[in-house]
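Q: Take this structure first; my questions come after.
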Amino acid sequence: MASINMIEQLRKPKRNLGFLKVKFNIVDPETNPDLSSNSEEVFSDLDNIKETIIPQTKNYATLEKNFWLLNDSQPIYGSEELEQTYISSYMSDKNCLFTDKACITLTSSVYLTTLGLTMVFDDIDKNYAKKLNVKAYRDSALIMNKDYTLNSYRERLIFADNDELVRWNKIEIYFVESSLPYRRIRVNQLLFGIMETYTDKNIINAESKEKTTMINSELPTHTFKFTIDNMNKLFNPDNPEGWYRYILQQQPISYEWGYQLDDGTIEWILGGNMLLTGSVDVGENQVTFSTTSFINYLTKPYKKGVYNANGRSLYDLAIDVLEDSNIDSSQYNLWEGLKLLKTDAPLPKLEARQLLQIIATTGNCILFTNRENIINIQPFSYILSPYGMSYDFITSNPVVKVQSELHNAIIYINHYSIDEAVSELFKNESLEITGTTKIEIEYDLATNVSTTITGGTLVSANYYGRYAVLEITNNSDDPVSLKVMGKKINVSQTIDSKNYNDDGENIEYKNDLITQMVESSKQVKLKEFIGNWYNNRNIYSFENRGDITKDTREILPIETDFSSSLIGYLIENNIKYDGAWSGNSVVVKVGDS
């Protein structure tokens, strides 16, 4: 994050220069070949080079000419565990040539077509592969055999729009010559596509928008749109040699804000790790890309909710949803306190992002994605920022919207009861099944579910609260008869409320996870969580100079014509950039002084 020095200098009456940098990766997220090498140090980690964000590495001390610094800055292998990328065991000779050539091999079980390959060498040593030989195969047929020469460490190996990298399933990259004698090859990154960095030289304008509400009444949003020069027509759809056809949804894009400090150095901070939406607007000489945060792609409906009389924690329910969407544990951060909060309610059939939304609210938490694009469910932080919306930062008088006075906050509590008798949930007497087939069925909420089959065999069955997956085998031409039985679960509701004012508007809140088990928890005060938010009546909108260091969810002081001690909660922070920053923000007043 930003240093205090940067934060304070951004509030000077006259700012220094500001910058923007966009790292644009035209890579296919589905391209994931296996990697192997004929030459690799014991501490090398070849798989790390496939990461779209370069790992923050530090090199072990090894016996290479002018490599081992005798200042105790490089630990010996075994003295501590360092994150590493690819390091060859073969070393170049005095003429920088490799007698034995290290080779990285990429193999795929399916045919791949690749726009290019981008290789990034070790940033610490700055030794790079001066000459390489690359071979590509389609099965046993050699479809490419080319020598490449690089002229500097900063030159990245790019095979752009190479017709020979079409339908390959094996690539061999041989390191022929290093830039320095007696050195190993160190590769920090290998992308299956092209990685470009756009700066003020080719960025025309950009806009970042972020919104997060305290009680998750809306899904959190973080979008970034940027326009670049397209004079070379690379992104024109009609250009047969262009890159437009390689643009896919969910391609990673990151952007960084830069500010020139008083000493002349530029401090960079991450604006966001984003995913391309696939929406591209191409003009005559410019092109605009739109990106969004990870959570907006979690649209897969979750159907595996199960009633549990003993309850399950909100933490475990969130894990169920994330794992069903194939979300890796490195991509989310859940509050440990959710493990103490239980509900006996089954998760309803909703999109994964909507389920995370109601899980967060039920646990009195906020759902958001941070700048690294990590999904978070965390409790509200009451830490007050020393840097707020003051008149040295605001460029227009605030527009104040006053919400209706809150009369009552009303919470609906769900109660589940199970029928004593078994009843029919689903029936089909004429299923056309040949061989072994998986079918999915849905029914009303139930438990103790079972299936009877006539005319076929039930191979396997997975039952959930409202949904089942059945695998059935039928070796005849006759239709299969299927009946699903179970005990239906009935749902009734009561209300709990808190009064705030004698008059005003009643606010009602419902979600399927709120049960008596949740309400009886000492940690959850749901009607207060909902009510306290809606009891904050004043919403301030400001035009400002653009604050690249602020995140929504922050608590900050507000200056108005009548007070310099109001406290607000930042729900929107928007920044425009066209060589300089401007912005607007929305703040909800949550207190006085």
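Identifiers in the structure tokens: chain A, B, ... in order shown; residue index from 1 per chain; ligand index from 1 in order shown.
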Could you give me, as number ranges by chain, the residues within 9 Å of segment 448-453 of chain A, counting only C-alpha atoms and dropping anything in the same chain fewer than 6 positions from it?

A: A: 422, 425, 461, 463-465, 470, 472, 480-488

Q: Suppose we keep N, CA and C atoms; can you now write the selection as a short mmCIF file (atom, residue, chain, number, x, y, z; two decimals), in the first residue's frame?

A:
data_model
loop_
_atom_site.label_atom_id
_atom_site.label_comp_id
_atom_site.auth_asym_id
_atom_site.auth_seq_id
_atom_site.Cartn_x
_atom_site.Cartn_y
_atom_site.Cartn_z
N VAL A 422 -43.19 -40.18 5.09
CA VAL A 422 -42.48 -40.10 3.82
C VAL A 422 -43.48 -39.83 2.71
N LEU A 425 -41.63 -37.13 -3.81
CA LEU A 425 -41.01 -35.86 -4.17
C LEU A 425 -40.93 -35.68 -5.68
N ALA A 461 -26.16 -42.39 -6.32
CA ALA A 461 -27.10 -41.29 -6.05
C ALA A 461 -26.48 -40.34 -5.05
N TYR A 463 -27.77 -37.02 -2.90
CA TYR A 463 -28.98 -36.29 -2.54
C TYR A 463 -28.63 -35.01 -1.79
N TYR A 464 -29.36 -33.95 -2.13
CA TYR A 464 -29.22 -32.67 -1.44
C TYR A 464 -30.62 -32.21 -1.05
N GLY A 465 -30.73 -31.05 -0.46
CA GLY A 465 -32.01 -30.58 0.06
C GLY A 465 -33.08 -30.45 -0.99
N LEU A 470 -28.45 -38.59 -10.09
CA LEU A 470 -28.62 -40.03 -10.14
C LEU A 470 -27.90 -40.59 -11.37
N ILE A 472 -27.90 -43.92 -13.66
CA ILE A 472 -28.81 -45.05 -13.93
C ILE A 472 -28.32 -45.82 -15.14
N VAL A 480 -37.51 -46.40 -18.39
CA VAL A 480 -37.24 -46.61 -16.96
C VAL A 480 -38.26 -45.82 -16.15
N SER A 481 -38.74 -46.43 -15.08
CA SER A 481 -39.65 -45.76 -14.15
C SER A 481 -38.87 -45.34 -12.91
N LEU A 482 -39.07 -44.09 -12.49
CA LEU A 482 -38.27 -43.53 -11.40
C LEU A 482 -39.20 -42.86 -10.39
N LYS A 483 -38.99 -43.16 -9.11
CA LYS A 483 -39.75 -42.51 -8.05
C LYS A 483 -38.79 -42.11 -6.93
N VAL A 484 -38.89 -40.84 -6.51
CA VAL A 484 -38.05 -40.32 -5.43
C VAL A 484 -38.94 -40.00 -4.25
N MET A 485 -38.57 -40.54 -3.09
CA MET A 485 -39.36 -40.37 -1.86
C MET A 485 -38.51 -39.67 -0.80
N GLY A 486 -39.18 -39.03 0.15
CA GLY A 486 -38.46 -38.39 1.24
C GLY A 486 -39.41 -37.70 2.19
N LYS A 487 -38.84 -37.14 3.24
CA LYS A 487 -39.63 -36.39 4.22
C LYS A 487 -39.51 -34.90 3.90
N LYS A 488 -40.63 -34.30 3.60
CA LYS A 488 -40.62 -32.90 3.24
C LYS A 488 -40.29 -32.02 4.45
#

Q: Can you list, as a list in words, every protein, DNA or RNA residue that comes within 6 Å of segment 190-198 of chain A when you count only C-alpha atoms, leaving out same-chain residues fewer than 6 positions away?

A: Lys21, Val22, Lys23, Phe24, Asn25, Ile26, Val27, Ile49, Lys50, Leu115, Gly116, Leu117, Thr118 and Met119 of chain A

Q: Need the shell around Ile377 of chain A: protein/DNA/RNA residues with any atom at most 12 Å away, counting only C-alpha atoms. Skip same-chain ones fewer than 4 positions apart. Format as a PDB file with N, CA, C and O atoms, in the first residue's frame?

A:
ATOM      1  N   MET A 214     -22.142  -1.520   3.512  1.00  0.00           N
ATOM      2  CA  MET A 214     -21.768  -2.124   4.791  1.00  0.00           C
ATOM      3  C   MET A 214     -22.530  -3.418   5.068  1.00  0.00           C
ATOM      4  O   MET A 214     -21.995  -4.350   5.650  1.00  0.00           O
ATOM      5  N   ILE A 215     -23.809  -3.484   4.634  1.00  0.00           N
ATOM      6  CA  ILE A 215     -24.622  -4.670   4.952  1.00  0.00           C
ATOM      7  C   ILE A 215     -24.839  -5.542   3.716  1.00  0.00           C
ATOM      8  O   ILE A 215     -25.726  -6.384   3.705  1.00  0.00           O
ATOM      9  N   ASN A 216     -24.041  -5.333   2.664  1.00  0.00           N
ATOM     10  CA  ASN A 216     -24.100  -6.156   1.447  1.00  0.00           C
ATOM     11  C   ASN A 216     -25.462  -6.086   0.774  1.00  0.00           C
ATOM     12  O   ASN A 216     -25.934  -7.076   0.203  1.00  0.00           O
ATOM     13  N   PRO A 220     -20.625  -6.248  -4.087  1.00  0.00           N
ATOM     14  CA  PRO A 220     -19.510  -5.310  -4.220  1.00  0.00           C
ATOM     15  C   PRO A 220     -19.040  -5.239  -5.666  1.00  0.00           C
ATOM     16  O   PRO A 220     -19.040  -6.247  -6.381  1.00  0.00           O
ATOM     17  N   ILE A 295     -15.186 -11.573  -8.237  1.00  0.00           N
ATOM     18  CA  ILE A 295     -16.462 -12.029  -7.680  1.00  0.00           C
ATOM     19  C   ILE A 295     -17.590 -11.976  -8.707  1.00  0.00           C
ATOM     20  O   ILE A 295     -18.548 -12.746  -8.640  1.00  0.00           O
ATOM     21  N   LEU A 314     -21.164 -20.890   9.356  1.00  0.00           N
ATOM     22  CA  LEU A 314     -21.164 -20.035   8.175  1.00  0.00           C
ATOM     23  C   LEU A 314     -19.840 -20.158   7.429  1.00  0.00           C
ATOM     24  O   LEU A 314     -19.795 -20.023   6.205  1.00  0.00           O
ATOM     25  N   TYR A 315     -18.775 -20.412   8.159  1.00  0.00           N
ATOM     26  CA  TYR A 315     -17.452 -20.596   7.543  1.00  0.00           C
ATOM     27  C   TYR A 315     -17.481 -21.817   6.617  1.00  0.00           C
ATOM     28  O   TYR A 315     -17.049 -21.741   5.456  1.00  0.00           O
ATOM     29  N   ALA A 318     -19.546 -21.223   3.477  1.00  0.00           N
ATOM     30  CA  ALA A 318     -18.812 -20.413   2.498  1.00  0.00           C
ATOM     31  C   ALA A 318     -17.791 -21.268   1.753  1.00  0.00           C
ATOM     32  O   ALA A 318     -17.633 -21.140   0.532  1.00  0.00           O
ATOM     33  N   ILE A 319     -17.104 -22.142   2.474  1.00  0.00           N
ATOM     34  CA  ILE A 319     -16.127 -23.040   1.839  1.00  0.00           C
ATOM     35  C   ILE A 319     -16.826 -23.955   0.833  1.00  0.00           C
ATOM     36  O   ILE A 319     -16.322 -24.190  -0.281  1.00  0.00           O
ATOM     37  N   GLN A 331      -7.405 -17.689  -3.147  1.00  0.00           N
ATOM     38  CA  GLN A 331      -8.222 -16.644  -3.753  1.00  0.00           C
ATOM     39  C   GLN A 331      -9.300 -16.102  -2.821  1.00  0.00           C
ATOM     40  O   GLN A 331     -10.125 -15.296  -3.237  1.00  0.00           O
ATOM     41  N   TYR A 332      -9.308 -16.553  -1.557  1.00  0.00           N
ATOM     42  CA  TYR A 332     -10.285 -16.004  -0.619  1.00  0.00           C
ATOM     43  C   TYR A 332      -9.690 -15.910   0.783  1.00  0.00           C
ATOM     44  O   TYR A 332      -8.702 -16.569   1.114  1.00  0.00           O
ATOM     45  N   ASN A 333     -10.316 -15.066   1.583  1.00  0.00           N
ATOM     46  CA  ASN A 333      -9.882 -14.829   2.960  1.00  0.00           C
ATOM     47  C   ASN A 333     -11.134 -14.669   3.815  1.00  0.00           C
ATOM     48  O   ASN A 333     -11.843 -13.669   3.703  1.00  0.00           O
ATOM     49  N   LEU A 334     -11.423 -15.671   4.633  1.00  0.00           N
ATOM     50  CA  LEU A 334     -12.643 -15.688   5.441  1.00  0.00           C
ATOM     51  C   LEU A 334     -12.316 -15.406   6.900  1.00  0.00           C
ATOM     52  O   LEU A 334     -11.327 -15.914   7.441  1.00  0.00           O
ATOM     53  N   TRP A 335     -13.172 -14.639   7.540  1.00  0.00           N
ATOM     54  CA  TRP A 335     -13.023 -14.344   8.967  1.00  0.00           C
ATOM     55  C   TRP A 335     -13.182 -15.621   9.779  1.00  0.00           C
ATOM     56  O   TRP A 335     -14.138 -16.376   9.609  1.00  0.00           O
ATOM     57  N   GLU A 336     -12.216 -15.891  10.657  1.00  0.00           N
ATOM     58  CA  GLU A 336     -12.239 -17.106  11.476  1.00  0.00           C
ATOM     59  C   GLU A 336     -13.456 -17.144  12.402  1.00  0.00           C
ATOM     60  O   GLU A 336     -13.934 -18.211  12.779  1.00  0.00           O
ATOM     61  N   GLY A 337     -13.982 -15.972  12.763  1.00  0.00           N
ATOM     62  CA  GLY A 337     -15.146 -15.934  13.652  1.00  0.00           C
ATOM     63  C   GLY A 337     -16.384 -16.574  13.061  1.00  0.00           C
ATOM     64  O   GLY A 337     -17.316 -16.932  13.791  1.00  0.00           O
ATOM     65  N   LEU A 338     -16.419 -16.734  11.728  1.00  0.00           N
ATOM     66  CA  LEU A 338     -17.562 -17.406  11.095  1.00  0.00           C
ATOM     67  C   LEU A 338     -17.671 -18.869  11.522  1.00  0.00           C
ATOM     68  O   LEU A 338     -18.739 -19.475  11.398  1.00  0.00           O
ATOM     69  N   ARG A 353     -21.988 -16.043  -5.904  1.00  0.00           N
ATOM     70  CA  ARG A 353     -21.716 -14.714  -5.358  1.00  0.00           C
ATOM     71  C   ARG A 353     -22.857 -14.227  -4.478  1.00  0.00           C
ATOM     72  O   ARG A 353     -22.635 -13.515  -3.485  1.00  0.00           O
ATOM     73  N   LEU A 355     -24.812 -16.207  -2.669  1.00  0.00           N
ATOM     74  CA  LEU A 355     -24.721 -16.969  -1.422  1.00  0.00           C
ATOM     75  C   LEU A 355     -23.650 -16.383  -0.507  1.00  0.00           C
ATOM     76  O   LEU A 355     -23.854 -16.271   0.705  1.00  0.00           O
ATOM     77  N   LEU A 356     -22.515 -16.001  -1.075  1.00  0.00           N
ATOM     78  CA  LEU A 356     -21.490 -15.364  -0.255  1.00  0.00           C
ATOM     79  C   LEU A 356     -22.012 -14.058   0.335  1.00  0.00           C
ATOM     80  O   LEU A 356     -21.670 -13.685   1.465  1.00  0.00           O
ATOM     81  N   GLN A 357     -22.859 -13.384  -0.416  1.00  0.00           N
ATOM     82  CA  GLN A 357     -23.458 -12.126   0.030  1.00  0.00           C
ATOM     83  C   GLN A 357     -24.326 -12.350   1.276  1.00  0.00           C
ATOM     84  O   GLN A 357     -24.205 -11.617   2.266  1.00  0.00           O
ATOM     85  N   ILE A 358     -25.199 -13.366   1.266  1.00  0.00           N
ATOM     86  CA  ILE A 358     -26.084 -13.577   2.416  1.00  0.00           C
ATOM     87  C   ILE A 358     -25.334 -14.234   3.569  1.00  0.00           C
ATOM     88  O   ILE A 358     -25.689 -14.014   4.735  1.00  0.00           O
ATOM     89  N   ILE A 359     -24.312 -15.035   3.278  1.00  0.00           N
ATOM     90  CA  ILE A 359     -23.481 -15.583   4.357  1.00  0.00           C
ATOM     91  C   ILE A 359     -22.800 -14.444   5.107  1.00  0.00           C
ATOM     92  O   ILE A 359     -22.759 -14.415   6.344  1.00  0.00           O
ATOM     93  N   ALA A 360     -22.246 -13.485   4.355  1.00  0.00           N
ATOM     94  CA  ALA A 360     -21.562 -12.353   4.979  1.00  0.00           C
ATOM     95  C   ALA A 360     -22.517 -11.558   5.857  1.00  0.00           C
ATOM     96  O   ALA A 360     -22.196 -11.234   7.017  1.00  0.00           O
ATOM     97  N   THR A 361     -23.703 -11.232   5.345  1.00  0.00           N
ATOM     98  CA  THR A 361     -24.647 -10.428   6.124  1.00  0.00           C
ATOM     99  C   THR A 361     -25.114 -11.179   7.359  1.00  0.00           C
ATOM    100  O   THR A 361     -25.214 -10.602   8.453  1.00  0.00           O
ATOM    101  N   THR A 362     -25.397 -12.475   7.227  1.00  0.00           N
ATOM    102  CA  THR A 362     -25.826 -13.273   8.371  1.00  0.00           C
ATOM    103  C   THR A 362     -24.763 -13.271   9.469  1.00  0.00           C
ATOM    104  O   THR A 362     -25.097 -13.292  10.658  1.00  0.00           O
ATOM    105  N   GLY A 363     -23.503 -13.210   9.091  1.00  0.00           N
ATOM    106  CA  GLY A 363     -22.415 -13.183  10.057  1.00  0.00           C
ATOM    107  C   GLY A 363     -21.990 -11.786  10.464  1.00  0.00           C
ATOM    108  O   GLY A 363     -20.915 -11.613  11.074  1.00  0.00           O
ATOM    109  N   ASN A 364     -22.815 -10.751  10.137  1.00  0.00           N
ATOM    110  CA  ASN A 364     -22.481  -9.350  10.451  1.00  0.00           C
ATOM    111  C   ASN A 364     -21.140  -8.954   9.843  1.00  0.00           C
ATOM    112  O   ASN A 364     -20.326  -8.271  10.481  1.00  0.00           O
ATOM    113  N   CYS A 365     -20.895  -9.394   8.619  1.00  0.00           N
ATOM    114  CA  CYS A 365     -19.616  -9.135   7.947  1.00  0.00           C
ATOM    115  C   CYS A 365     -19.855  -8.412   6.620  1.00  0.00           C
ATOM    116  O   CYS A 365     -20.988  -8.287   6.158  1.00  0.00           O
ATOM    117  N   ILE A 366     -18.764  -7.979   6.014  1.00  0.00           N
ATOM    118  CA  ILE A 366     -18.798  -7.308   4.722  1.00  0.00           C
ATOM    119  C   ILE A 366     -18.152  -8.219   3.691  1.00  0.00           C
ATOM    120  O   ILE A 366     -17.077  -8.773   3.924  1.00  0.00           O
ATOM    121  N   LEU A 367     -18.795  -8.356   2.536  1.00  0.00           N
ATOM    122  CA  LEU A 367     -18.236  -9.099   1.398  1.00  0.00           C
ATOM    123  C   LEU A 367     -17.582  -8.100   0.459  1.00  0.00           C
ATOM    124  O   LEU A 367     -18.205  -7.117   0.050  1.00  0.00           O
ATOM    125  N   PHE A 368     -16.315  -8.340   0.111  1.00  0.00           N
ATOM    126  CA  PHE A 368     -15.630  -7.448  -0.828  1.00  0.00           C
ATOM    127  C   PHE A 368     -14.447  -8.173  -1.450  1.00  0.00           C
ATOM    128  O   PHE A 368     -14.017  -9.225  -0.967  1.00  0.00           O
ATOM    129  N   THR A 369     -13.940  -7.611  -2.549  1.00  0.00           N
ATOM    130  CA  THR A 369     -12.663  -8.064  -3.102  1.00  0.00           C
ATOM    131  C   THR A 369     -11.663  -6.939  -2.895  1.00  0.00           C
ATOM    132  O   THR A 369     -11.970  -5.768  -3.137  1.00  0.00           O
ATOM    133  N   ASN A 370     -10.454  -7.276  -2.443  1.00  0.00           N
ATOM    134  CA  ASN A 370      -9.433  -6.254  -2.226  1.00  0.00           C
ATOM    135  C   ASN A 370      -8.686  -5.978  -3.528  1.00  0.00           C
ATOM    136  O   ASN A 370      -9.033  -6.504  -4.586  1.00  0.00           O
TER     137      ASN A 370
END

Q: May I ask which of the residues A:Asn326, A:Ser417, A:Thr395, A:Thr265 is the closest one to Asn16 of chain A, counting only C-alpha atoms?

A: A:Thr265

Q: Using only C-alpha atoms, which protein or nucleic acid residues come within 10 Å of segment 95-98 of chain A? Drop anything in the same chain fewer than 4 positions from it, and give the result as an mmCIF file with C-alpha atoms, in the first residue's frame.

A:
data_model
loop_
_atom_site.group_PDB
_atom_site.id
_atom_site.type_symbol
_atom_site.label_atom_id
_atom_site.label_comp_id
_atom_site.auth_asym_id
_atom_site.auth_seq_id
_atom_site.Cartn_x
_atom_site.Cartn_y
_atom_site.Cartn_z
ATOM 1 C CA TYR A 90 23.739 -26.602 -16.279
ATOM 2 C CA MET A 91 26.088 -23.602 -16.317
ATOM 3 C CA ALA A 102 19.145 -26.874 -20.472
ATOM 4 C CA ALA A 129 19.266 -16.227 -22.358
ATOM 5 C CA LYS A 130 20.980 -14.441 -25.228
ATOM 6 C CA LYS A 131 20.283 -17.238 -27.689
ATOM 7 C CA TYR A 174 16.643 -24.900 -25.407
ATOM 8 C CA PHE A 175 19.005 -22.364 -23.787
ATOM 9 C CA VAL A 176 22.005 -22.009 -26.108
ATOM 10 C CA GLU A 177 23.865 -18.985 -24.730
ATOM 11 C CA SER A 178 23.687 -16.827 -21.608
ATOM 12 C CA SER A 179 24.420 -13.104 -21.438
ATOM 13 C CA LEU A 180 27.073 -13.646 -18.732
ATOM 14 C CA PRO A 181 29.779 -16.347 -18.467
ATOM 15 C CA TYR A 182 29.608 -19.147 -15.921
ATOM 16 C CA ARG A 183 25.944 -18.593 -15.126
ATOM 17 C CA ARG A 184 22.838 -20.711 -14.730
#

Q: Quick one: DSSP strand (DSSP E) residues in segment 220-390 of chain A, as number ranges by chain?

A: A: 221-229, 252-260, 266-282, 286-292, 301-302, 312-313, 332-334, 342-343, 350-351, 365-369, 375-379

Q: Can you list, as a ChimeraX atom specification, every protein, DNA or RNA residue that comes within 10 Å of segment 526-529 of chain A when you count only C-alpha atoms, leaving out same-chain residues fewer than 4 positions away?

A: /A:214-215,361-365,408-412,496-500,507-509,514,518-519,533-535

Q: Find the residues near segment 553-567 of chain A: any atom within 6 Å, counting only C-alpha atoms, skip ones fewer than 4 places away on the same chain, and give them as a ChimeraX atom specification.

A: /A:384-385,388-390,589-593

Q: Given the choices A:Asp147, A:Glu267, A:Glu207, A:Asp392, which gets closest to Ser582 of chain A if the distance is worked out from only C-alpha atoms?

A: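 Residue with the minimum atom-to-atom distance to Ser582 of chain A: A:Glu207.
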
Q: Would you compute the distance between atom CA of Gln251 of chain A and atom CA of Asp324 of chain A? Give it in Å to one decimal.

A: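 So the answer is 21.4 Å.
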
Q: Ranking A:Leu513, A:Val586, A:Leu275, A:Ala206 by minimum distance to Leu347 of chain A and counting only C-alpha atoms, which one comes first?

A: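 Counting only C-alpha atoms, the residue closest to Leu347 of chain A is A:Leu513.
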
Q: Just the residues within 8 Å of segment 286-292 of chain A, please, counting only C-alpha atoms, with nothing from its chain fewer than 2 positions along; format it as a list in words.

A: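 Near segment 286-292 of chain A, the qualifying residues are Thr221, His222, Thr223, Phe224, Lys225, Phe226, Thr227, Ile228, Asp229, Asn230, Met231, Phe235, Ile253, Met274, Leu275, Leu276, Thr277, Gly278, Ser279, Val280, Asp281, Val282, Gly283, Glu284, Phe294 and Asn296 of chain A.
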
Q: Identify, with DSSP run on backbone atoms, the residues in segment 355-526 of chain A assigned to helix (DSSP H, G or I), and express the list as a list in words.

A: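 Filtering segment 355-526 of chain A down to helix (DSSP H, G or I) leaves Leu355, Leu356, Gln357, Ile358, Ile359, Ala360, Thr361, Thr362, Gln516, Met517, Val518, Glu519 and Leu526 of chain A.
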
Q: Just C-alpha atoms for this one: save the residues we selected as a short mmCIF file (atom, residue, chain, number, x, y, z; two decimals), in the first residue's frame.

A:
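Okay, this is what ended up in result26.cif:
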data_model
loop_
_atom_site.label_atom_id
_atom_site.label_comp_id
_atom_site.auth_asym_id
_atom_site.auth_seq_id
_atom_site.Cartn_x
_atom_site.Cartn_y
_atom_site.Cartn_z
CA LEU A 355 -24.72 -16.97 -1.42
CA LEU A 356 -21.49 -15.36 -0.25
CA GLN A 357 -23.46 -12.13 0.03
CA ILE A 358 -26.08 -13.58 2.42
CA ILE A 359 -23.48 -15.58 4.36
CA ALA A 360 -21.56 -12.35 4.98
CA THR A 361 -24.65 -10.43 6.12
CA THR A 362 -25.83 -13.27 8.37
CA GLN A 516 -33.29 -19.27 15.64
CA MET A 517 -29.87 -20.92 15.84
CA VAL A 518 -28.36 -17.78 14.29
CA GLU A 519 -30.46 -15.37 16.35
CA LEU A 526 -28.56 -8.90 13.00
#

Q: Can you work out the spacing between atom CA of Ser313 of chain A and atom CA of Glu351 of chain A in Å, to one decimal?

A: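 So the two atoms, atom CA of Ser313 of chain A and atom CA of Glu351 of chain A, lie 19.5 Å apart.
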